[in-house]
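Enquirer: So here's my_file_18.txt, just compact mmCIF, C-alpha atoms:
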```
# COMPACT_ATOMS: atom_id res chain seq x y z
CA MET A 412 23.29 -31.28 17.13
CA THR A 413 23.22 -29.16 20.27
CA LEU A 414 19.74 -28.23 21.39
CA PRO A 415 19.14 -24.69 22.69
CA SER A 416 19.03 -24.34 26.44
CA THR A 417 15.94 -23.28 28.34
CA HIS A 418 17.56 -19.90 28.88
CA ASP A 419 18.19 -19.45 25.14
CA VAL A 420 14.60 -20.36 24.29
CA ALA A 421 13.24 -17.91 26.87
CA LEU A 422 15.60 -15.17 25.66
CA ALA A 423 14.51 -15.64 22.05
CA ALA A 424 10.85 -15.59 23.07
CA GLU A 425 11.30 -12.33 25.00
CA ARG A 426 13.05 -10.64 22.11
CA ARG A 427 10.42 -11.86 19.66
CA THR A 428 7.61 -10.55 21.87
CA ALA A 429 9.30 -7.14 22.14
CA ALA A 430 9.99 -6.98 18.39
CA ARG A 431 6.39 -7.87 17.51
CA LEU A 432 5.07 -5.23 19.89
CA LEU A 433 7.27 -2.52 18.36
CA LEU A 434 6.34 -3.51 14.83
CA ALA A 435 2.63 -3.27 15.65
CA HIS A 436 2.95 -0.19 17.89
CA PRO A 437 5.99 1.89 16.87
CA LEU A 438 5.44 4.45 19.64
CA ILE A 439 5.11 3.00 23.14
CA ALA A 440 4.96 5.04 26.35
CA SER A 441 6.16 3.54 29.62
CA ASP A 442 2.83 4.42 31.26
CA GLY A 443 0.62 3.69 28.26
CA SER A 444 -1.52 0.74 27.26
CA HIS A 445 1.53 -1.52 26.84
CA ALA A 446 3.26 -0.51 30.04
CA ASP A 447 3.52 -4.15 31.19
CA LEU A 448 5.81 -5.00 28.25
CA PHE A 449 7.84 -1.79 28.22
CA PRO A 450 10.52 -3.24 30.57
CA LEU A 451 10.99 -6.05 28.04
CA ILE A 452 11.83 -3.52 25.34
CA ARG A 453 14.31 -1.71 27.57
CA ARG A 454 15.95 -4.98 28.60
CA HIS A 455 16.62 -5.95 24.97
CA ALA A 456 16.98 -2.45 23.51
CA ASP A 457 20.50 -2.93 22.13
CA TRP A 458 19.71 -6.24 20.44
CA LEU A 459 16.41 -4.95 19.06
CA GLY A 460 18.02 -1.79 17.74
CA LYS A 461 20.70 -3.72 15.86
CA ARG A 462 18.29 -6.27 14.42
CA PHE A 463 15.74 -3.71 13.21
CA GLN A 464 18.53 -1.70 11.60
CA GLN A 465 20.11 -4.74 9.95
CA VAL A 466 16.91 -6.33 8.70
CA LEU A 467 14.63 -3.40 7.86
CA GLY A 468 16.74 -0.27 8.10
CA TYR A 469 14.52 1.00 10.94
CA ARG A 470 15.98 3.08 13.76
CA LEU A 471 14.97 2.30 17.33
CA LEU A 472 15.12 4.88 20.11
CA VAL A 473 14.49 3.66 23.66
CA ASP A 474 14.28 6.21 26.46
CA SER A 475 13.34 5.83 30.10
CA SER A 476 9.75 6.84 29.35
CA TYR A 477 9.13 5.70 25.78
CA ALA A 478 10.28 3.55 22.88
CA ARG A 479 10.02 4.74 19.28
CA LEU A 480 10.61 2.56 16.22
CA PHE A 481 11.18 4.92 13.30
CA LYS A 482 9.73 3.04 10.36
CA ALA A 483 10.34 4.02 6.76
CA GLY A 484 7.67 4.57 4.14
CA LEU A 485 6.92 2.38 1.15
CA GLY A 486 6.44 5.13 -1.42
CA ALA A 487 3.46 7.05 -2.74
CA GLY A 488 0.14 5.26 -2.39
CA SER A 489 1.51 2.53 -0.12
CA GLY A 490 1.21 4.05 3.33
CA HIS A 491 -0.83 2.89 6.30
CA ARG A 492 -3.52 5.48 6.80
CA LEU A 493 -4.83 6.86 10.06
CA GLU A 494 -8.54 6.54 10.77
CA ARG A 495 -11.13 8.11 13.02
CA SER A 496 -12.87 6.01 15.66
CA THR A 497 -15.66 5.41 13.12
CA GLY A 498 -13.20 3.86 10.67
CA THR A 499 -13.35 6.87 8.35
CA PRO A 500 -9.88 7.60 6.96
CA PHE A 501 -8.16 10.86 7.78
CA THR A 502 -8.63 13.55 5.15
CA PRO A 503 -5.81 15.86 4.06
CA HIS A 504 -7.30 18.46 6.42
CA THR A 505 -7.06 16.03 9.34
CA TYR A 506 -3.41 15.32 8.59
CA ALA A 507 -2.80 19.06 8.34
CA CYS A 508 -4.37 19.56 11.77
CA LEU A 509 -2.23 16.77 13.18
CA ALA A 510 0.96 18.29 11.78
CA LEU A 511 0.03 21.77 13.00
CA ALA A 512 -0.76 20.45 16.47
CA LEU A 513 2.64 18.73 16.69
CA SER A 514 4.40 21.92 15.59
CA VAL A 515 2.78 23.70 18.52
CA LEU A 516 3.19 20.95 21.12
CA VAL A 517 6.97 20.51 20.83
CA THR A 518 7.44 23.90 22.55
CA ALA A 519 4.19 24.11 24.51
CA PRO A 520 4.01 24.33 28.31
CA GLU A 521 3.49 21.14 30.28
CA GLN A 522 -0.19 21.95 30.78
CA MET A 523 -2.58 24.22 28.95
CA LEU A 524 -6.26 24.74 28.38
CA LEU A 525 -7.80 23.16 25.31
CA SER A 526 -9.01 26.56 24.09
CA HIS A 527 -5.45 27.91 24.23
CA LEU A 528 -4.13 24.91 22.32
CA VAL A 529 -6.75 25.40 19.61
CA ALA A 530 -5.87 29.09 19.37
CA ASP A 531 -2.18 28.25 18.96
CA ILE A 532 -2.98 25.69 16.26
CA ARG A 533 -5.05 28.22 14.34
CA ALA A 534 -2.27 30.77 14.67
CA ALA A 535 0.23 28.23 13.33
CA ALA A 536 -2.12 27.52 10.43
CA ALA A 537 -2.37 31.22 9.62
CA ASP A 538 1.43 31.55 9.69
CA ALA A 539 1.72 28.59 7.29
CA GLY A 540 -1.02 29.89 5.00
CA ILE A 541 -3.26 26.88 5.70
CA GLU A 542 -7.05 27.24 5.80
CA LEU A 543 -8.48 24.92 8.46
CA GLU A 544 -12.15 25.57 7.77
CA GLU A 545 -13.70 22.89 5.55
CA THR A 546 -17.45 23.09 4.96
CA GLY A 547 -18.27 24.95 8.14
CA ARG A 548 -17.26 25.48 11.73
CA ALA A 549 -18.81 22.20 12.92
CA ALA A 550 -16.92 20.16 10.33
CA ALA A 551 -13.69 21.99 11.10
CA LYS A 552 -14.09 21.25 14.79
CA ARG A 553 -14.71 17.56 14.18
CA THR A 554 -11.61 17.40 12.00
CA LEU A 555 -9.48 19.04 14.67
CA VAL A 556 -10.94 16.76 17.35
CA ALA A 557 -10.00 13.70 15.28
CA ALA A 558 -6.39 14.91 15.11
CA LEU A 559 -6.25 15.66 18.84
CA ARG A 560 -7.79 12.30 19.74
CA GLN A 561 -5.06 10.59 17.74
CA LEU A 562 -2.49 12.45 19.85
CA VAL A 563 -4.31 11.28 22.97
CA ASP A 564 -4.15 7.68 21.71
CA TRP A 565 -0.39 8.05 21.19
CA GLY A 566 0.08 9.49 24.68
CA VAL A 567 1.27 12.88 23.41
CA LEU A 568 -1.76 14.52 25.01
CA ILE A 569 -3.23 13.53 28.36
CA GLU A 570 -6.76 14.60 29.20
CA THR A 571 -6.17 15.74 32.78
CA GLU A 572 -9.58 17.32 33.22
CA GLY A 573 -12.27 17.02 30.58
CA HIS A 574 -11.90 15.65 27.05
CA VAL A 575 -10.75 17.04 23.72
CA ALA A 576 -14.05 15.87 22.21
CA THR A 577 -15.82 18.72 24.02
CA LEU A 578 -14.39 21.00 21.36
CA ALA A 579 -16.95 19.66 18.89
CA GLN A 580 -19.90 20.52 21.15
CA GLU A 581 -22.11 23.29 19.84
CA SER A 582 -21.60 25.40 22.94
CA GLY A 583 -17.88 24.70 22.96
CA GLY A 584 -16.16 22.95 25.84
CA GLU A 585 -13.06 23.36 27.92
CA ALA A 586 -10.49 20.86 29.13
CA LEU A 587 -7.12 20.84 30.84
CA ILE A 588 -4.49 19.11 28.74
CA THR A 589 -1.12 17.73 29.86
CA ILE A 590 1.51 17.53 27.13
CA ASP A 591 4.35 15.06 26.72
CA ARG A 592 6.76 17.17 24.68
CA GLU A 593 9.27 14.33 24.29
CA LEU A 594 6.70 12.11 22.63
CA ALA A 595 5.58 15.00 20.43
CA ARG A 596 9.15 15.40 19.16
CA VAL A 597 9.52 11.77 18.08
CA VAL A 598 6.17 11.25 16.34
CA VAL A 599 7.39 12.35 12.90
CA ALA A 600 9.76 9.81 11.37
CA GLY A 601 10.42 11.34 7.95
CA PRO A 602 13.33 13.71 7.19
CA LEU A 603 11.40 16.98 7.38
CA SER A 604 14.46 19.23 7.25
CA GLN A 605 15.64 17.65 3.99
CA ALA A 606 12.35 17.53 2.08
CA ARG A 607 11.43 20.21 -0.45
CA ASP A 608 7.71 19.42 -0.33
CA GLY A 609 5.27 16.67 0.61
CA ALA A 610 6.03 14.45 -2.38
CA ASP A 611 9.76 14.74 -1.73
CA LEU A 612 9.21 13.83 1.91
CA VAL A 613 7.32 10.65 0.92
CA ARG A 614 10.12 9.69 -1.48
CA ARG A 615 12.89 10.35 1.02
CA ALA A 616 11.06 8.52 3.80
CA ALA A 617 10.91 5.38 1.63
CA ASP A 618 14.59 5.51 0.66
CA PRO A 619 16.06 2.05 1.41
CA GLY A 620 19.53 3.56 1.66
CA PHE A 621 22.54 1.30 1.33
CA GLY A 622 20.32 -1.75 1.77
CA GLY A 623 18.81 -1.20 -1.69
CA PRO A 624 16.68 -4.12 -2.98
CA ARG A 625 17.24 -6.17 0.17
CA THR A 626 15.84 -3.56 2.53
CA TYR A 627 12.96 -2.51 0.29
CA VAL A 628 11.73 -6.07 -0.27
CA ARG A 629 11.93 -6.90 3.43
CA ARG A 630 9.90 -3.81 4.28
CA MET A 631 7.28 -4.73 1.69
CA LEU A 632 7.05 -8.24 3.11
CA VAL A 633 6.59 -7.05 6.67
CA GLU A 634 4.36 -4.04 6.07
CA THR A 635 1.96 -5.34 3.38
CA PRO A 636 -0.42 -8.33 3.31
CA VAL A 637 1.18 -9.87 0.21
CA LEU A 638 3.95 -9.02 -2.24
CA HIS A 639 3.31 -9.86 -5.91
CA LEU A 640 6.32 -10.39 -8.16
CA ASP A 641 5.30 -7.83 -10.77
CA GLU A 642 5.63 -5.10 -8.15
CA LEU A 643 9.37 -5.71 -7.93
CA THR A 644 12.25 -4.60 -10.09
CA ASP A 645 14.55 -7.22 -11.57
CA ALA A 646 17.13 -6.56 -8.87
CA GLU A 647 14.57 -6.89 -6.09
CA ARG A 648 13.05 -10.07 -7.46
CA ASP A 649 16.43 -11.70 -8.08
CA TRP A 650 17.44 -11.00 -4.50
CA LEU A 651 14.16 -12.42 -3.17
CA ARG A 652 14.35 -15.61 -5.23
CA THR A 653 17.87 -16.42 -4.04
CA ARG A 654 17.20 -15.52 -0.40
CA GLN A 655 13.59 -16.39 0.34
CA ARG A 656 14.31 -19.60 2.29
CA ARG A 657 16.85 -17.89 4.52
CA GLU A 658 14.57 -14.87 4.88
CA ALA A 659 11.76 -17.18 5.96
CA GLN A 660 13.93 -18.48 8.79
CA ALA A 661 15.04 -14.98 9.79
CA PHE A 662 11.49 -13.61 9.95
CA SER A 663 10.36 -16.65 11.91
CA GLU A 664 13.06 -16.10 14.52
CA LEU A 665 12.70 -12.32 14.75
CA LEU A 666 8.92 -11.90 14.51
CA GLY A 667 7.34 -15.35 14.60
CA LEU A 668 6.04 -14.95 11.04
CA GLU A 669 5.64 -17.77 8.53
CA MET A 670 6.56 -17.16 4.89
CA GLU A 671 4.20 -18.49 2.24
CA ILE A 672 5.95 -18.70 -1.12
CA ARG A 673 3.95 -18.99 -4.32
CA ALA A 674 4.79 -18.65 -7.99
CA GLU A 675 3.03 -15.28 -8.07
CA GLY A 676 4.57 -13.79 -4.95
CA VAL A 677 5.28 -14.08 -1.25
CA ALA A 678 3.36 -13.32 1.94
CA LEU A 679 4.34 -13.33 5.60
CA ILE A 680 1.62 -14.94 7.70
CA ASP A 681 1.14 -14.23 11.39
CA PRO A 682 -0.31 -17.33 13.11
CA GLU A 683 -1.34 -15.16 16.06
CA GLU A 684 -3.20 -12.66 13.81
CA GLU A 685 -1.82 -9.74 15.81
CA LEU A 686 0.46 -7.91 13.39
CA THR A 687 -2.19 -6.50 11.10
CA ASP A 688 -4.54 -3.54 11.01
CA LEU A 689 -6.71 -5.28 8.42
CA HIS A 690 -8.81 -8.40 8.87
CA LEU A 691 -10.44 -10.52 6.20
CA PRO A 692 -12.60 -12.39 7.08
CA GLY A 693 -13.86 -9.69 9.38
CA THR A 694 -16.99 -8.31 11.00
CA GLY A 695 -19.33 -5.69 9.63
CA THR A 696 -21.01 -5.03 6.32
CA VAL A 697 -17.92 -3.99 4.35
CA ALA A 698 -15.75 -6.93 5.45
CA GLN A 699 -18.51 -9.46 4.80
CA ALA A 700 -19.33 -8.03 1.39
CA ALA A 701 -15.63 -7.86 0.47
CA LEU A 702 -15.08 -11.51 1.33
CA LEU A 703 -18.12 -12.61 -0.66
CA LEU A 704 -17.14 -10.42 -3.62
CA ALA A 705 -13.64 -11.90 -3.70
CA GLU A 706 -15.07 -15.43 -3.62
CA ARG A 707 -17.51 -14.76 -6.46
CA LEU A 708 -14.94 -12.98 -8.64
CA VAL A 709 -12.47 -15.84 -8.23
CA GLU A 710 -15.16 -18.33 -9.25
CA ARG A 711 -16.05 -16.36 -12.38
CA LEU A 712 -12.62 -15.12 -13.48
CA ARG A 713 -10.26 -17.96 -12.62
CA PRO A 714 -8.17 -18.81 -15.74
CA GLN A 715 -8.54 -22.29 -17.15
CA ASP A 716 -5.30 -24.09 -16.29
CA PRO A 717 -2.67 -21.65 -17.60
CA GLY A 718 0.06 -24.14 -16.71
CA HIS A 719 3.03 -23.72 -14.42
CA PRO A 720 5.62 -21.12 -15.51
CA ALA A 721 8.42 -23.60 -14.86
CA THR A 722 7.07 -25.75 -17.70
CA GLY A 723 6.36 -22.94 -20.11
CA GLY A 724 2.95 -21.98 -18.80
CA THR A 725 1.71 -18.46 -18.14
CA LEU A 726 2.23 -16.92 -14.72
CA VAL A 727 -1.07 -15.26 -13.84
CA ILE A 728 -0.67 -12.53 -11.25
CA GLY A 729 -3.94 -10.84 -12.06
CA VAL A 730 -6.98 -10.99 -14.32
CA PRO A 731 -9.23 -8.12 -15.44
CA ALA A 732 -12.33 -7.52 -13.32
CA PRO A 733 -14.67 -5.25 -15.32
CA ASP A 734 -16.49 -2.50 -13.44
CA GLY A 735 -19.81 -3.84 -14.64
CA LEU A 736 -19.09 -7.28 -13.22
CA VAL A 737 -18.16 -5.83 -9.83
CA ASP A 738 -21.44 -3.91 -9.69
CA GLU A 739 -23.39 -6.96 -10.87
CA VAL A 740 -21.92 -9.24 -8.20
CA LEU A 741 -22.40 -6.67 -5.45
CA ALA A 742 -26.06 -6.27 -6.42
CA GLU A 743 -26.45 -10.06 -6.25
CA LEU A 744 -24.84 -10.13 -2.80
CA ILE A 745 -27.10 -7.38 -1.49
CA ALA A 746 -30.17 -9.26 -2.69
CA GLU A 747 -28.91 -12.55 -1.29
CA TYR A 748 -27.32 -11.52 2.01
CA GLY A 749 -28.21 -7.89 2.70
CA GLN A 750 -31.39 -8.29 4.67
CA ARG A 751 -30.79 -11.63 6.38
CA SER A 752 -27.24 -10.67 7.38
CA ASN A 753 -28.42 -7.32 8.74
CA TRP A 754 -26.10 -5.24 6.58
CA GLN A 755 -26.12 -1.50 7.19
CA ARG A 756 -29.14 0.14 5.58
CA GLY A 757 -27.05 3.00 4.24
CA TYR A 758 -24.99 0.57 2.17
CA LEU A 759 -28.05 -1.43 1.07
CA GLU A 760 -29.59 1.74 -0.34
CA ASP A 761 -26.39 3.13 -1.82
CA LEU A 762 -24.54 0.64 -4.04
CA PRO A 763 -21.81 3.13 -5.11
CA SER A 764 -20.87 3.75 -1.46
CA LEU A 765 -20.73 0.02 -0.71
CA ARG A 766 -18.69 -0.55 -3.86
CA GLU A 767 -16.19 2.15 -2.90
CA ALA A 768 -15.76 0.82 0.65
CA VAL A 769 -15.45 -2.83 -0.45
CA LEU A 770 -12.93 -2.12 -3.20
CA ASP A 771 -10.94 0.06 -0.82
CA LEU A 772 -10.63 -2.83 1.62
CA LEU A 773 -9.70 -5.33 -1.10
CA VAL A 774 -7.05 -2.96 -2.48
CA ARG A 775 -5.57 -2.45 0.97
CA MET A 776 -5.55 -6.23 1.42
CA ARG A 777 -3.77 -6.39 -1.97
CA LEU A 778 -6.39 -8.71 -3.40
CA MET A 779 -7.42 -6.21 -6.07
CA ALA A 780 -5.71 -3.30 -7.77
CA ARG A 781 -6.34 -0.59 -10.30
CA ALA A 782 -5.59 -1.89 -13.77
CA GLY A 783 -1.95 -1.43 -14.67
CA ARG A 784 -0.95 -0.17 -11.21
CA LEU A 785 2.70 -0.99 -10.55
CA ARG A 786 5.24 0.89 -8.52
CA ALA A 787 6.08 3.99 -10.49
CA GLU A 788 9.62 4.27 -11.79
CA GLY A 789 11.83 5.41 -8.95
CA GLU A 790 8.96 5.52 -6.46
CA GLY A 791 10.39 5.32 -2.96
CA LEU A 792 13.96 4.81 -4.16
CA PRO A 793 17.06 7.02 -4.02
CA GLU A 794 18.25 8.59 -7.26
CA GLY A 795 21.25 6.32 -7.76
CA TYR A 796 19.13 3.24 -7.19
CA VAL A 797 16.55 4.39 -9.73
CA GLU A 798 19.13 4.46 -12.51
CA GLU A 799 20.23 0.94 -11.70
CA ALA A 800 16.76 -0.60 -11.51
CA SER A 801 14.51 1.58 -13.64
CA GLU A 802 14.34 -0.91 -16.51
CA GLY A 803 13.05 -3.58 -14.15
CA ARG A 804 9.67 -2.06 -13.32
CA THR A 805 7.99 -5.12 -14.77
CA VAL A 806 10.09 -8.26 -14.46
CA THR A 807 10.63 -10.22 -17.64
CA ASP A 808 8.65 -13.41 -17.04
CA VAL A 809 5.60 -11.63 -15.62
CA HIS A 810 5.46 -8.89 -18.23
CA GLY A 811 1.85 -7.96 -18.76
CA ALA A 812 0.69 -10.17 -15.89
CA ARG A 813 -1.28 -7.28 -14.44
CA PRO A 814 -3.47 -5.97 -17.28
CA GLY A 815 -3.35 -2.32 -18.21
CA GLY A 816 -6.17 0.03 -19.09
CA GLU A 817 -9.28 0.99 -17.20
CA GLY A 818 -11.04 -0.97 -14.50
CA TRP A 819 -9.77 -3.37 -11.89
CA VAL A 820 -7.51 -6.38 -11.57
CA LEU A 821 -8.28 -9.37 -9.36
CA LEU A 822 -4.89 -10.42 -7.99
CA ALA A 823 -3.64 -13.96 -7.44
CA ALA A 824 -3.77 -13.73 -3.65
CA ALA A 825 -7.57 -13.51 -3.87
CA ALA A 826 -7.60 -17.25 -4.65
CA ARG A 827 -6.89 -17.82 -0.96
CA TYR A 828 -10.51 -16.85 -0.30
CA ALA A 829 -12.04 -19.08 -2.95
CA THR A 830 -14.55 -21.68 -1.79
CA GLN A 831 -12.76 -24.27 -3.94
CA VAL A 832 -8.96 -24.21 -4.11
CA THR A 833 -6.88 -25.91 -6.78
CA VAL A 834 -3.26 -26.64 -5.88
CA ARG A 835 -0.93 -27.98 -8.55
CA PRO A 836 2.23 -29.83 -7.43
CA ALA A 837 5.48 -28.08 -8.24
CA THR A 838 7.60 -29.65 -10.94
CA ALA A 839 11.20 -30.66 -10.36
CA ALA A 840 12.29 -27.62 -12.34
CA GLY A 841 10.07 -25.45 -10.20
CA LYS A 842 11.65 -26.78 -7.03
CA ASP A 843 15.10 -26.09 -8.42
CA LYS A 844 14.03 -22.49 -8.85
CA ASP A 845 12.79 -22.37 -5.26
CA VAL A 846 9.16 -22.03 -6.30
CA GLN A 847 6.48 -23.81 -4.32
CA GLU A 848 3.01 -24.79 -5.48
CA GLU A 849 1.16 -22.24 -7.50
CA LEU A 850 -2.20 -21.23 -6.10
CA PRO A 851 -3.80 -20.05 -9.34
CA LEU A 852 -6.79 -17.77 -9.71
```
Transcribe the structure of this file into structure tokens.
Expert:
Amino acid sequence: MTLPSTHDVALAAERRTAARLLLAHPLIASDGSHADLFPLIRRHADWLGKRFQQVLGYRLLVDSSYARLFKAGLGAGSGHRLERSTGTPFTPHTYACLALALSVLVTAPEQMLLSHLVADIRAAAADAGIELEETGRAAAKRTLVAALRQLVDWGVLIETEGHVATLAQESGGEALITIDRELARVVVAGPLSQARDGADLVRRAADPGFGGPRTYVRRMLVETPVLHLDELTDAERDWLRTRQRREAQAFSELLGLEMEIRAEGVALIDPEEELTDLHLPGTGTVAQAALLLAERLVERLRPQDPGHPATGGTLVIGVPAPDGLVDEVLAELIAEYGQRSNWQRGYLEDLPSLREAVLDLLVRMRLMARAGRLRAEGEGLPEGYVEEASEGRTVTDVHGARPGGEGWVLLAAAARYATQVTVRPATAAGKDKDVQEELPL
């Protein structure tokens, strides 16, 4: 066996570093926060462009002043949301402000006053029949500021003199803004000119194209914390089961990710903990409460030895988690940890708000889900592909694995956070089917 040369090892490391950076930050300016690594992207632009297209169906555009990886969507309800600096998710109004601002900036002068930019955005809103006012002028200003600050973070807007946040001041503020029109033009990745409406745009953006099951599954692996088998169509799951070992090697080489294969699904793990916008365990009241809730629910709801599916047992992807039990456990956690862990008083005094925030985090981590929530038929797929795979919404041997009805489902991946973990050795039959140990709930 011929060992790779020092040059080959260094080349692979450079390409992996550049690919990881683009995956985490799809829009990179040459003079932005990642300016030190921008030359690395330009040096390997051709290779990176081909690999991203082949593996994920993503288009890469590298210019002298920026690099833009045009990612695809994952379908309705599966996107990565934008958040304000406080962690509050963007509202529909905030996204509307962001879209309106971009529509103005692509033809704006190189520099303009903040007040003029705001006037142009309001004019664009009027032309589009969009009402920007929410509950009052102050709220509307804060919403617009959040959208403009996002554009500053992306490098589309540069605060030459003053700050966009002055807009929210009661007396009103002024600032001189420099605009990067090229960056403004490449922010939107979806096919706007082809979409009939917002829902159609989401569907078209998630279209895996000629890659079909292969491309969709790879995107789900890379862009989500964990992929459960009952989320896949028959065609998608069959492809994954026959390819998962080779895919593990490919993702390791391209992105430095390790594939963890379980009977219930697959996850790509980043040893460096860089390629994620979600952290659990994490800091703060919500993250701490979410971790403790997952632990307690696993302890109380774990099935009693359902057996391995390879030997005729039941594959458990999720178990019901009644609303009442969630509230009960959260109340216990507040009493036990709230005061001594210095949790936020607002959450301690408002259980419904804490519950909403905790469940939101666990759903985004794909540790819990709404009961019966699977990918809707045809969601994120082209029309021809829907006809081929529509009968495979729930794969045969996990039919009913995620309970239907009201309430919540605690998903198998939550067992990772249990205080006591039970690992059952795979049977010979299981190994033949390329299934590793099951980590049951």
Enquirer: Find the distance between atom CA of Leu568 of chain A and atom CA of Ala600 of chain A and write it in Å to one decimal.
Expert: 18.5 Å
Enquirer: Kindly give the distance, in Å, that separates atom CA of Asp641 of chain A and atom CA of Gly729 of chain A, rounded to a single decimal.
Expert: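 Separation between atom CA of Asp641 of chain A and atom CA of Gly729 of chain A: 9.8 Å.
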Enquirer: Could you tell me which of A:Ala530, A:Gln750, A:Ala557, A:Ala549 comes closest to Cys508 of chain A if we count all atoms listed in the file?
Expert: A:Ala557
Enquirer: Using only C-alpha atoms for the distances, tell me which of A:Gly486, A:Gly693, A:Pro437, A:Gly676 is nearest to Pro619 of chain A.
Expert: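 When distances to Pro619 of chain A are compared using only C-alpha atoms, the smallest one comes from A:Gly486.
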Enquirer: Could you list, as a ChimeraX atom specification, every residue within 10 Å of Gly566 of chain A, counting only C-alpha atoms and ignoring same-chain residues fewer than 6 positions away?
Expert: /A:438-444,477,560,589-591,594-595
Enquirer: Out of A:Leu689, A:Leu587, A:Leu679, A:Leu744, which residue has the shortest atom-to-atom distance to Glu706 of chain A when counting only C-alpha atoms?
Expert: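 Checking each of A:Leu689, A:Leu587, A:Leu679, A:Leu744 against Glu706 of chain A, counting only C-alpha atoms, the winner is A:Leu744.
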Enquirer: Nearest to Gly667 of chain A: which of A:Val628, A:Leu736, A:Ala423, A:Val637 is it, counting all atoms listed in the file?
Expert: A:Ala423
Enquirer: Tell me which protein, DNA and RNA residues are within 7 Å of Val473 of chain A, counting all atoms listed in the file, leaving out same-chain ones fewer than 4 positions away, and put them as a list in words.
Expert: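 Selected residues are Arg453, Ala456, Tyr477, Ala478 and Arg479 of chain A.
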Enquirer: Output C-alpha atoms for every residue in the selection just made, as a PDB file, keeping the file's coordinate frame.
Expert:
```
ATOM      1  CA  ARG A 453      14.310  -1.710  27.570  1.00  0.00           C
ATOM      2  CA  ALA A 456      16.980  -2.450  23.510  1.00  0.00           C
ATOM      3  CA  TYR A 477       9.130   5.700  25.780  1.00  0.00           C
ATOM      4  CA  ALA A 478      10.280   3.550  22.880  1.00  0.00           C
ATOM      5  CA  ARG A 479      10.020   4.740  19.280  1.00  0.00           C
TER       6      ARG A 479
END
```
Enquirer: Restricting the calculation to all atoms listed in the file: of A:Pro520, A:Pro636, A:Pro733, A:Gly573, which residue gets closest to His491 of chain A?
Expert: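 So, comparing all the options, the nearest one is A:Pro636.
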Enquirer: Take atom CA of Ser752 of chain A and atom CA of Thr694 of chain A and report the distance between them in Å, one decimal.
Expert: 11.1 Å
Enquirer: Find the residues near segment 821-823 of chain A: any atom within 9 Å, counting all atoms listed in the file, skip ones fewer than 3 places away on the same chain, and give them as number ranges by chain.
Expert: A: 639, 675-676, 705, 708-709, 712, 727-732, 777-780, 813, 826-827, 850-852
Enquirer: Could you tell me which of A:Pro763, A:Gly601, A:Leu480, A:Lys461 comes closest to Glu739 of chain A if we count all atoms listed in the file?
Expert: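 Smallest distance to Glu739 of chain A is found for A:Pro763.
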Enquirer: Counting all atoms listed in the file, which residues sit no farther than 10 Å from the position (-17.9, -1.7, 2.9) in the file's frame? I'd like them as a list in words.
Expert: Gly695, Thr696, Val697, Ala698, Gln699, Ala700, Ala701, Trp754, Gln755, Tyr758, Leu762, Ser764, Leu765, Arg766, Glu767, Ala768, Val769, Leu770, Asp771, Leu772 and Leu773 of chain A
Enquirer: Within 9 Å of (-8.3, 20.0, 14.0) in the file's own coordinates, which protein, DNA or RNA residues have an atom, counting all atoms listed in the file? List them as an mmCIF file with C-alpha atoms, keeping the file's coordinate frame.
Expert:
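Saved as point-v1.cif:
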```cif
data_model
loop_
_atom_site.group_PDB
_atom_site.id
_atom_site.type_symbol
_atom_site.label_atom_id
_atom_site.label_comp_id
_atom_site.auth_asym_id
_atom_site.auth_seq_id
_atom_site.Cartn_x
_atom_site.Cartn_y
_atom_site.Cartn_z
ATOM 1 C CA HIS A 504 -7.300 18.460 6.420
ATOM 2 C CA THR A 505 -7.060 16.030 9.340
ATOM 3 C CA TYR A 506 -3.410 15.320 8.590
ATOM 4 C CA ALA A 507 -2.800 19.060 8.340
ATOM 5 C CA CYS A 508 -4.370 19.560 11.770
ATOM 6 C CA LEU A 509 -2.230 16.770 13.180
ATOM 7 C CA LEU A 511 0.030 21.770 13.000
ATOM 8 C CA ALA A 512 -0.760 20.450 16.470
ATOM 9 C CA VAL A 529 -6.750 25.400 19.610
ATOM 10 C CA ILE A 532 -2.980 25.690 16.260
ATOM 11 C CA ARG A 533 -5.050 28.220 14.340
ATOM 12 C CA LEU A 543 -8.480 24.920 8.460
ATOM 13 C CA ALA A 551 -13.690 21.990 11.100
ATOM 14 C CA LYS A 552 -14.090 21.250 14.790
ATOM 15 C CA ARG A 553 -14.710 17.560 14.180
ATOM 16 C CA THR A 554 -11.610 17.400 12.000
ATOM 17 C CA LEU A 555 -9.480 19.040 14.670
ATOM 18 C CA VAL A 556 -10.940 16.760 17.350
ATOM 19 C CA ALA A 557 -10.000 13.700 15.280
ATOM 20 C CA ALA A 558 -6.390 14.910 15.110
ATOM 21 C CA LEU A 559 -6.250 15.660 18.840
#
```
Enquirer: Which polymer residues have any atom within 10 Å of an atom of Glu634 of chain A, counting all atoms listed in the file, with same-chain residues fewer than 4 positions away left out, as JSON, numbers by chain?
Expert: {"A": [434, 435, 482, 484, 485, 489, 490, 491, 628, 629, 630, 638, 679, 686, 687]}
Enquirer: Show which residues sit within 9 Å of Arg596 of chain A, as a VMD selection string. Count all atoms listed in the file, and ignore same-chain residues fewer than 5 positions away.
Expert: chain A and resid 513 to 514 516 to 517 591
Enquirer: Take the selection from the previous step and output its residues with C-alpha atoms, as an mmCIF file, in the coordinates of the input.
Expert:
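Written out: again-v5.cif:
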```cif
data_model
loop_
_atom_site.group_PDB
_atom_site.id
_atom_site.type_symbol
_atom_site.label_atom_id
_atom_site.label_comp_id
_atom_site.auth_asym_id
_atom_site.auth_seq_id
_atom_site.Cartn_x
_atom_site.Cartn_y
_atom_site.Cartn_z
ATOM 1 C CA LEU A 513 2.640 18.730 16.690
ATOM 2 C CA SER A 514 4.400 21.920 15.590
ATOM 3 C CA LEU A 516 3.190 20.950 21.120
ATOM 4 C CA VAL A 517 6.970 20.510 20.830
ATOM 5 C CA ASP A 591 4.350 15.060 26.720
#
```
